[in-house]
$ cat start.cif   # mmCIF, C-alpha atoms
data_start
loop_
_atom_site.label_atom_id
_atom_site.label_comp_id
_atom_site.auth_asym_id
_atom_site.auth_seq_id
_atom_site.Cartn_x
_atom_site.Cartn_y
_atom_site.Cartn_z
CA MET A 1 0.00 0.00 0.00
CA THR A 2 2.76 2.46 0.91
CA ARG A 3 4.24 2.14 -2.59
CA THR A 4 0.99 3.30 -4.24
CA LEU A 5 0.41 6.38 -2.05
CA PRO A 6 2.17 9.68 -2.82
CA TRP A 7 5.02 10.53 -0.45
CA PRO A 8 4.96 11.57 2.41
CA LEU A 9 1.40 10.32 2.92
CA PRO A 10 2.53 6.78 3.88
CA ALA A 11 4.75 8.17 6.65
CA LEU A 12 2.07 10.54 7.95
CA LEU A 13 -0.59 7.80 8.00
CA THR A 14 1.76 5.39 9.77
CA TRP A 15 2.74 7.96 12.42
CA ALA A 16 -0.91 8.82 13.05
CA ALA A 17 -1.87 5.15 13.26
CA SER A 18 1.01 4.45 15.66
CA TRP A 19 -0.05 7.28 17.97
CA ALA A 20 -3.65 6.05 17.84
CA VAL A 21 -2.53 2.55 18.81
CA PHE A 22 -0.41 3.97 21.63
CA VAL A 23 -3.25 6.08 23.06
CA LEU A 24 -5.76 3.24 22.91
CA ALA A 25 -3.37 0.58 24.22
CA SER A 26 -2.14 2.76 27.11
CA ARG A 27 -5.65 2.72 28.60
CA THR A 28 -5.39 -0.99 29.39
CA LEU A 29 -1.68 -1.85 29.10
CA PRO A 30 1.52 -0.62 30.78
CA TRP A 31 3.14 2.31 29.01
CA TRP A 32 6.03 0.20 27.74
CA ALA A 33 3.69 -2.38 26.19
CA ALA A 34 1.74 0.37 24.44
CA VAL A 35 5.01 1.79 23.09
CA VAL A 36 6.08 -1.63 21.82
CA LEU A 37 2.77 -2.12 20.00
CA ALA A 38 2.94 1.32 18.38
CA CYS A 39 6.58 0.87 17.37
CA ALA A 40 5.82 -2.59 15.99
CA LEU A 41 3.12 -1.10 13.78
CA GLY A 42 5.56 1.47 12.43
CA ALA A 43 8.27 -1.14 11.87
CA ALA A 44 5.86 -3.42 10.00
CA ALA A 45 4.60 -0.57 7.81
CA SER A 46 8.16 0.53 7.04
CA LEU A 47 8.94 -2.79 5.37
CA MET A 48 6.74 -1.71 2.46
CA GLY A 49 8.63 1.54 1.85
CA ALA A 50 10.01 2.12 -1.63
CA SER A 51 13.55 2.99 -0.47
CA TRP A 52 15.71 2.54 2.61
CA TRP A 53 15.47 6.16 3.75
CA ARG A 54 11.68 6.16 3.43
CA ARG A 55 11.52 2.95 5.45
CA CYS A 56 13.64 4.59 8.15
CA MET A 57 11.40 7.67 8.24
CA ILE A 58 8.25 5.55 8.48
CA ALA A 59 9.65 3.35 11.23
CA LEU A 60 11.33 6.07 13.33
CA GLY A 61 8.59 8.70 13.23
CA PHE A 62 6.62 7.48 16.25
CA PRO A 63 9.47 6.33 18.54
CA LEU A 64 11.43 9.57 18.04
CA SER A 65 8.41 11.79 18.63
CA TRP A 66 7.42 9.75 21.67
CA LEU A 67 10.94 9.92 23.13
CA VAL A 68 10.98 13.71 22.72
CA LEU A 69 7.63 14.12 24.48
CA ALA A 70 8.34 11.59 27.22
CA ALA A 71 12.04 12.36 27.75
CA GLY A 72 11.57 13.51 31.34
CA HIS A 73 9.16 10.78 32.39
CA ILE A 74 10.69 7.47 31.29
CA PRO A 75 13.38 5.34 32.92
CA ALA A 76 16.77 5.00 31.26
CA TRP A 77 16.00 1.54 29.92
CA GLY A 78 12.99 2.91 28.01
CA TRP A 79 15.38 4.43 25.48
CA LEU A 80 16.41 0.90 24.51
CA LEU A 81 12.96 -0.01 23.16
CA PRO A 82 13.54 1.32 19.61
CA LEU A 83 16.91 -0.45 19.48
CA GLY A 84 15.24 -3.67 20.60
CA LEU A 85 12.73 -3.45 17.76
CA LEU A 86 15.54 -2.84 15.28
CA LEU A 87 17.35 -5.96 16.53
CA LEU A 88 14.12 -7.93 16.23
CA VAL A 89 13.75 -7.04 12.55
CA TYR A 90 17.47 -7.27 11.76
CA PRO A 91 19.26 -9.64 14.22
CA LEU A 92 22.93 -9.18 15.10
CA ASN A 93 24.15 -12.34 13.37
CA ALA A 94 22.63 -11.10 10.10
CA TRP A 95 24.52 -7.78 10.13
CA ARG A 96 27.46 -9.19 8.17
CA ASP A 97 25.10 -10.01 5.29
CA ALA A 98 23.31 -7.42 3.17
CA PRO A 99 21.09 -4.73 4.71
CA VAL A 100 17.41 -4.77 3.79
CA PHE A 101 17.74 -3.50 0.22
CA PRO A 102 14.99 -4.92 -2.02
CA THR A 103 15.55 -6.37 -5.47
CA PRO A 104 14.23 -3.90 -8.08
CA HIS A 105 11.02 -4.90 -9.83
CA GLY A 106 11.73 -6.94 -12.96
CA ALA A 107 15.50 -7.04 -12.34
CA LEU A 108 15.70 -10.69 -13.43
CA ASP A 109 13.25 -10.60 -16.34
CA GLY A 110 15.88 -10.79 -19.08
CA LEU A 111 17.61 -13.83 -17.58
CA ALA A 112 14.89 -16.25 -18.66
CA GLN A 113 16.08 -15.83 -22.27
CA HIS A 114 19.56 -17.05 -21.28
CA ILE A 115 18.78 -19.47 -18.44
CA ALA A 116 16.12 -21.98 -19.42
CA LEU A 117 14.72 -23.75 -16.35
CA PRO A 118 12.48 -26.82 -16.71
CA GLN A 119 8.96 -27.06 -15.36
CA GLY A 120 9.02 -27.43 -11.59
CA ALA A 121 12.69 -26.46 -11.20
CA GLN A 122 13.54 -25.33 -7.68
CA VAL A 123 15.08 -21.87 -7.25
CA LEU A 124 16.25 -20.23 -4.02
CA ASP A 125 16.45 -16.63 -2.90
CA ALA A 126 19.21 -16.86 -0.29
CA GLY A 127 18.41 -14.06 2.15
CA CYS A 128 14.99 -13.15 0.78
CA GLY A 129 14.30 -10.16 3.04
CA MET A 130 10.82 -8.78 2.38
CA GLY A 131 10.20 -10.94 -0.69
CA ASP A 132 11.17 -8.63 -3.57
CA GLY A 133 13.70 -11.18 -4.85
CA LEU A 134 11.09 -13.93 -4.60
CA GLN A 135 8.74 -11.86 -6.75
CA ALA A 136 11.50 -11.21 -9.30
CA LEU A 137 12.27 -14.95 -9.51
CA HIS A 138 8.58 -15.82 -9.90
CA ARG A 139 8.17 -13.16 -12.58
CA ALA A 140 11.18 -14.43 -14.55
CA TRP A 141 10.43 -18.16 -14.19
CA PRO A 142 6.73 -18.64 -13.39
CA GLN A 143 7.05 -22.38 -13.99
CA ALA A 144 9.64 -22.79 -11.21
CA GLN A 145 9.12 -23.64 -7.53
CA VAL A 146 10.38 -20.60 -5.64
CA HIS A 147 11.97 -20.98 -2.20
CA GLY A 148 13.29 -18.38 0.21
CA VAL A 149 15.38 -18.44 3.36
CA GLU A 150 15.60 -15.47 5.76
CA TRP A 151 17.06 -15.23 9.27
CA SER A 152 14.87 -12.35 10.55
CA TRP A 153 11.51 -13.81 11.51
CA PRO A 154 9.56 -10.55 10.96
CA LEU A 155 10.99 -10.28 7.43
CA ARG A 156 10.32 -13.96 6.84
CA TRP A 157 6.71 -13.38 7.91
CA VAL A 158 6.36 -10.39 5.56
CA SER A 159 7.82 -12.46 2.69
CA SER A 160 5.30 -15.23 3.32
CA LEU A 161 2.42 -12.74 3.25
CA ARG A 162 3.63 -11.03 0.08
CA CYS A 163 4.55 -14.28 -1.72
CA PRO A 164 2.01 -16.97 -0.73
CA TRP A 165 3.06 -19.11 -3.70
CA ALA A 166 6.65 -19.35 -2.41
CA ARG A 167 8.02 -21.65 0.28
CA VAL A 168 9.70 -19.31 2.75
CA ARG A 169 11.40 -20.52 5.89
CA ARG A 170 13.48 -18.96 8.62
CA GLY A 171 17.12 -19.99 8.56
CA ASP A 172 20.74 -19.09 7.88
CA LEU A 173 21.44 -18.82 4.17
CA TRP A 174 25.01 -20.06 4.74
CA ALA A 175 23.82 -23.16 6.60
CA SER A 176 21.14 -24.03 4.05
CA ASP A 177 21.76 -26.84 1.58
CA TRP A 178 22.01 -25.50 -1.99
CA SER A 179 22.37 -28.90 -3.68
CA ASN A 180 18.69 -29.30 -4.65
CA TYR A 181 18.32 -25.98 -6.46
CA ALA A 182 18.65 -25.33 -10.17
CA LEU A 183 19.32 -21.67 -9.43
CA VAL A 184 20.39 -19.75 -6.32
CA TYR A 185 19.90 -15.98 -6.27
CA LEU A 186 21.84 -13.56 -4.03
CA PHE A 187 21.66 -9.83 -3.40
CA GLN A 188 24.22 -9.58 -0.63
CA ARG A 189 27.55 -7.73 -0.29
CA PRO A 190 30.88 -7.84 -2.17
CA GLU A 191 32.44 -9.57 0.85
CA SER A 192 29.86 -12.36 0.63
CA MET A 193 30.67 -13.47 -2.91
CA SER A 194 33.82 -15.49 -2.16
CA ARG A 195 31.86 -17.41 0.45
CA ALA A 196 29.05 -17.95 -2.05
CA ALA A 197 31.56 -19.27 -4.60
CA VAL A 198 32.99 -21.81 -2.14
CA LYS A 199 29.53 -22.97 -1.11
CA SER A 200 28.44 -23.22 -4.74
CA MET A 201 31.44 -25.36 -5.67
CA GLY A 202 30.90 -27.58 -2.67
CA GLU A 203 27.17 -28.17 -3.09
CA MET A 204 25.60 -27.06 -6.38
CA ARG A 205 25.20 -29.58 -9.20
CA ALA A 206 26.91 -29.12 -12.55
CA GLY A 207 24.68 -27.12 -14.85
CA SER A 208 22.91 -25.23 -12.06
CA TRP A 209 23.17 -21.44 -11.76
CA LEU A 210 24.40 -18.92 -9.21
CA VAL A 211 22.95 -15.46 -9.88
CA SER A 212 24.03 -12.28 -8.10
CA LEU A 213 22.70 -8.74 -8.34
CA ASP A 214 25.39 -6.01 -8.44
CA PHE A 215 28.28 -8.02 -6.96
CA ALA A 216 30.51 -10.35 -8.96
CA VAL A 217 32.38 -13.44 -7.78
CA PRO A 218 36.08 -12.49 -7.49
CA ASP A 219 38.38 -13.95 -10.16
CA VAL A 220 35.59 -15.85 -11.93
CA LEU A 221 34.35 -14.87 -15.39
CA PRO A 222 30.52 -14.83 -15.40
CA THR A 223 28.68 -16.95 -17.93
CA TYR A 224 26.31 -14.05 -18.61
CA THR A 225 26.20 -10.41 -17.52
CA GLU A 226 23.38 -7.93 -18.02
CA GLN A 227 23.52 -4.19 -17.36
CA LEU A 228 20.11 -2.95 -16.26
CA GLY A 229 18.74 0.45 -17.10
CA ASP A 230 18.61 1.59 -13.46
CA GLY A 231 22.35 1.08 -12.94
CA HIS A 232 22.17 -2.42 -11.46
CA THR A 233 24.12 -5.33 -12.96
CA VAL A 234 23.14 -9.01 -12.97
CA TYR A 235 25.89 -11.68 -12.90
CA ALA A 236 25.05 -15.28 -13.76
CA TYR A 237 27.49 -18.18 -13.24
CA ARG A 238 26.94 -21.75 -14.39
CA ALA A 239 28.22 -24.42 -12.03
CA PRO A 240 30.87 -25.46 -11.49
CA LEU A 241 32.46 -22.04 -11.07
CA ALA A 242 35.91 -23.62 -10.84
CA GLU A 243 37.65 -26.95 -10.75
CA VAL A 244 38.17 -27.63 -7.04
CA ASP A 245 41.44 -29.11 -5.83
CA HIS A 246 39.89 -31.31 -3.14
CA GLU A 247 43.24 -32.62 -1.93
CA GLN A 248 44.52 -29.08 -1.40
CA VAL A 249 41.32 -28.07 0.41
CA GLN A 250 41.62 -31.13 2.67
CA ALA A 251 45.27 -30.30 3.34
CA ASP A 252 44.32 -26.73 4.24
CA GLU A 253 41.67 -28.02 6.66
CA VAL A 254 44.16 -30.36 8.33
CA ALA A 255 46.71 -27.54 8.59
CA GLY A 256 44.13 -25.30 10.22
CA MET A 257 44.10 -22.80 7.35
CA LEU A 258 40.33 -23.04 6.90
CA PRO A 259 39.09 -22.54 10.47
CA PRO A 260 35.38 -22.51 11.33
CA ALA A 261 33.89 -19.11 12.09
CA PRO A 262 30.88 -18.16 14.27
CA GLN A 263 27.72 -18.70 12.19
CA GLY A 264 30.10 -19.71 9.43
CA MET A 265 29.30 -21.27 6.12
CA VAL A 266 28.23 -24.90 6.03
CA VAL A 267 29.20 -27.01 3.02
CA LYS A 268 27.87 -30.56 2.91
CA GLY A 269 27.12 -30.46 6.60
CA GLN A 270 30.57 -29.22 7.67
CA SER A 271 31.44 -25.73 8.88
CA LEU A 272 33.81 -24.07 6.44
CA TYR A 273 35.13 -20.56 6.03
CA PRO A 274 37.50 -19.66 3.16
CA ARG A 275 40.74 -17.80 3.54
CA ARG A 276 40.47 -14.15 2.56
CA GLY A 277 40.79 -13.68 -1.19
CA ARG A 278 40.75 -17.41 -2.00
CA PRO A 279 37.43 -18.46 -3.54
CA GLY A 280 38.49 -22.12 -3.49
CA GLY A 281 39.78 -23.22 -6.87
CA THR A 282 41.01 -22.35 -10.33
CA PRO A 283 38.68 -19.95 -12.19
CA ARG A 284 36.72 -21.49 -14.99
CA HIS A 285 36.75 -19.29 -18.08
CA HIS A 286 33.80 -19.36 -20.47
CA ARG A 287 34.06 -18.64 -24.14
#
$ encode --input "start.cif" --output "structure tokens"
Amino acid sequence: MTRTLPWPLPALLTWAASWAVFVLASRTLPWWAAVVLACALGAAASLMGASWWRRCMIALGFPLSWLVLAAGHIPAWGWLLPLGLLLLVYPLNAWRDAPVFPTPHGALDGLAQHIALPQGAQVLDAGCGMGDGLQALHRAWPQAQVHGVEWSWPLRWVSSLRCPWARVRRGDLWASDWSNYALVYLFQRPESMSRAAVKSMGEMRAGSWLVSLDFAVPDVLPTYTEQLGDGHTVYAYRAPLAEVDHEQVQADEVAGMLPPAPQGMVVKGQSLYPRRGRPGGTPRHHR
């Protein structure tokens, strides 16, 4: 709804609704519970904002105005309520992955002409956020079975509501098994792509696809690249990305050169984290 209303009407409506919820709830609930309910409404509405700064304005309008008005009447711990809601939507162990930046509408449309997926093929949005990537995958390959994995349970819930035809579950994208998918889609960070390459080479079947928006896999030539009109770039890699030297990887593990990391990547059931700058094998060049 917020995407169809002219700005700043979505923010004004959300702030007014949050204050209405606070006033009504405070008649029967403790003040802190009323604040939590009002902030939760604003946080939920912000997920539908068209850009990150609009989502911030929608979400922060009520808590900031309430803190200003109640500054002299609340205990010190009351100032932690907005931070607690932020951590609920975006947990600490997800901070090293991408912020909540949605996939642009239709960003993957042109890929269907270059990546032909059979009827019923399974595709995964690894870190699906609010479901924009799921919608882009469904739009590009309507015949595919779309899956999503997201660590934040509020975002996972929003994705399920927005994409009822997709199978969305809460989980760690790095601990999920990628071996059953014909295509895995990522919109993460540049630092995530080496990890994605190692996981792809360890789990994804030959002929399957790893697709990334904006960020390329280091030292690997993409099978297909498309420059979008809005400045985004799509990179598509056909597995295997490289020929893996399994003996060298095993030797590195024995020597302690590939140590596990907290919430690290899981490949074939084993915790694995690559050395910095080493995606895991010899690049495969496509002609």
$ residues_around --input "start.cif" --residues "segment 21-24 of chain A" --least-positions-apart "4" --cutoff "12 Å" --atoms "all atoms listed in the file" --output "list of chain:residue names"
A:Thr14, A:Trp15, A:Ala16, A:Ala17, A:Thr28, A:Leu29, A:Pro30, A:Trp31, A:Trp32, A:Ala33, A:Ala34, A:Val35, A:Val36, A:Leu37, A:Ala38, A:Cys39, A:Ala40, A:Leu41, A:Gly42, A:Phe62, A:Pro63, A:Trp66
$ atom_distance --input "start.cif" --atom1 "atom CA of Ala112 of chain A" --atom2 "atom CA of Gln135 of chain A"
14.1 Å
$ atom_distance --input "start.cif" --atom1 "atom CA of Trp153 of chain A" --atom2 "atom CA of Leu134 of chain A"
16.1 Å
$ closest_residue --input "start.cif" --among "A:Leu67, A:Ala25, A:Leu5, A:Val217" --to "Glu191 of chain A" --atoms "only C-alpha atoms"
A:Val217
$ closest_residue --input "start.cif" --among "A:Gln188, A:Thr103, A:Ser194, A:Ser208" --to "Ala121 of chain A" --atoms "only C-alpha atoms"
A:Ser208
$ atom_distance --input "start.cif" --atom1 "atom CA of Leu173 of chain A" --atom2 "atom CA of Val234 of chain A"
19.8 Å
$ closest_residue --input "start.cif" --among "A:Arg169, A:Tyr185, A:Ala196, A:Ala11" --to "Leu111 of chain A" --atoms "only C-alpha atoms"
A:Tyr185
$ resolve_selection --input "start.cif" --expression "the PyMOL selection byres ((chain A and resi 228) around 12)" --output "JSON, numbers by chain"
{"A": [104, 105, 106, 107, 108, 109, 110, 111, 213, 214, 225, 226, 227, 229, 230, 231, 232, 233, 234, 235]}
$ resolve_selection --input "start.cif" --expression "the PyMOL selection byres ((chain A and resi 149) around 9)" --output "list of chain:residue names"
A:Leu124, A:Asp125, A:Ala126, A:Gly127, A:Cys128, A:Gly129, A:His147, A:Gly148, A:Glu150, A:Trp151, A:Arg156, A:Arg167, A:Val168, A:Arg169, A:Arg170, A:Gly171, A:Asp172, A:Leu173, A:Ser176
$ resolve_selection --input "start.cif" --expression "the PyMOL selection byres ((chain A and resi 181) around 7)" --output "MDAnalysis selection string"
chainID A and resid 122:124 178:180 182:184
$ closest_residue --input "start.cif" --among "A:Ala166, A:Met57, A:Ala116, A:Leu137" --to "Arg238 of chain A" --atoms "all atoms listed in the file"
A:Ala116
$ axis_aligned_box --input "start.cif" --around "segment 126-130 of chain A" --padding-each-side "4 Å" --output "lines of an AutoDock Vina configuration file"
center_x = 15.0
center_y = -12.8
center_z = 1.4
size_x = 16.4
size_y = 16.1
size_z = 11.3
$ closest_residue --input "start.cif" --among "A:Ala44, A:Leu186, A:Ala20, A:Leu221" --to "Ser159 of chain A" --atoms "all atoms listed in the file"
A:Ala44
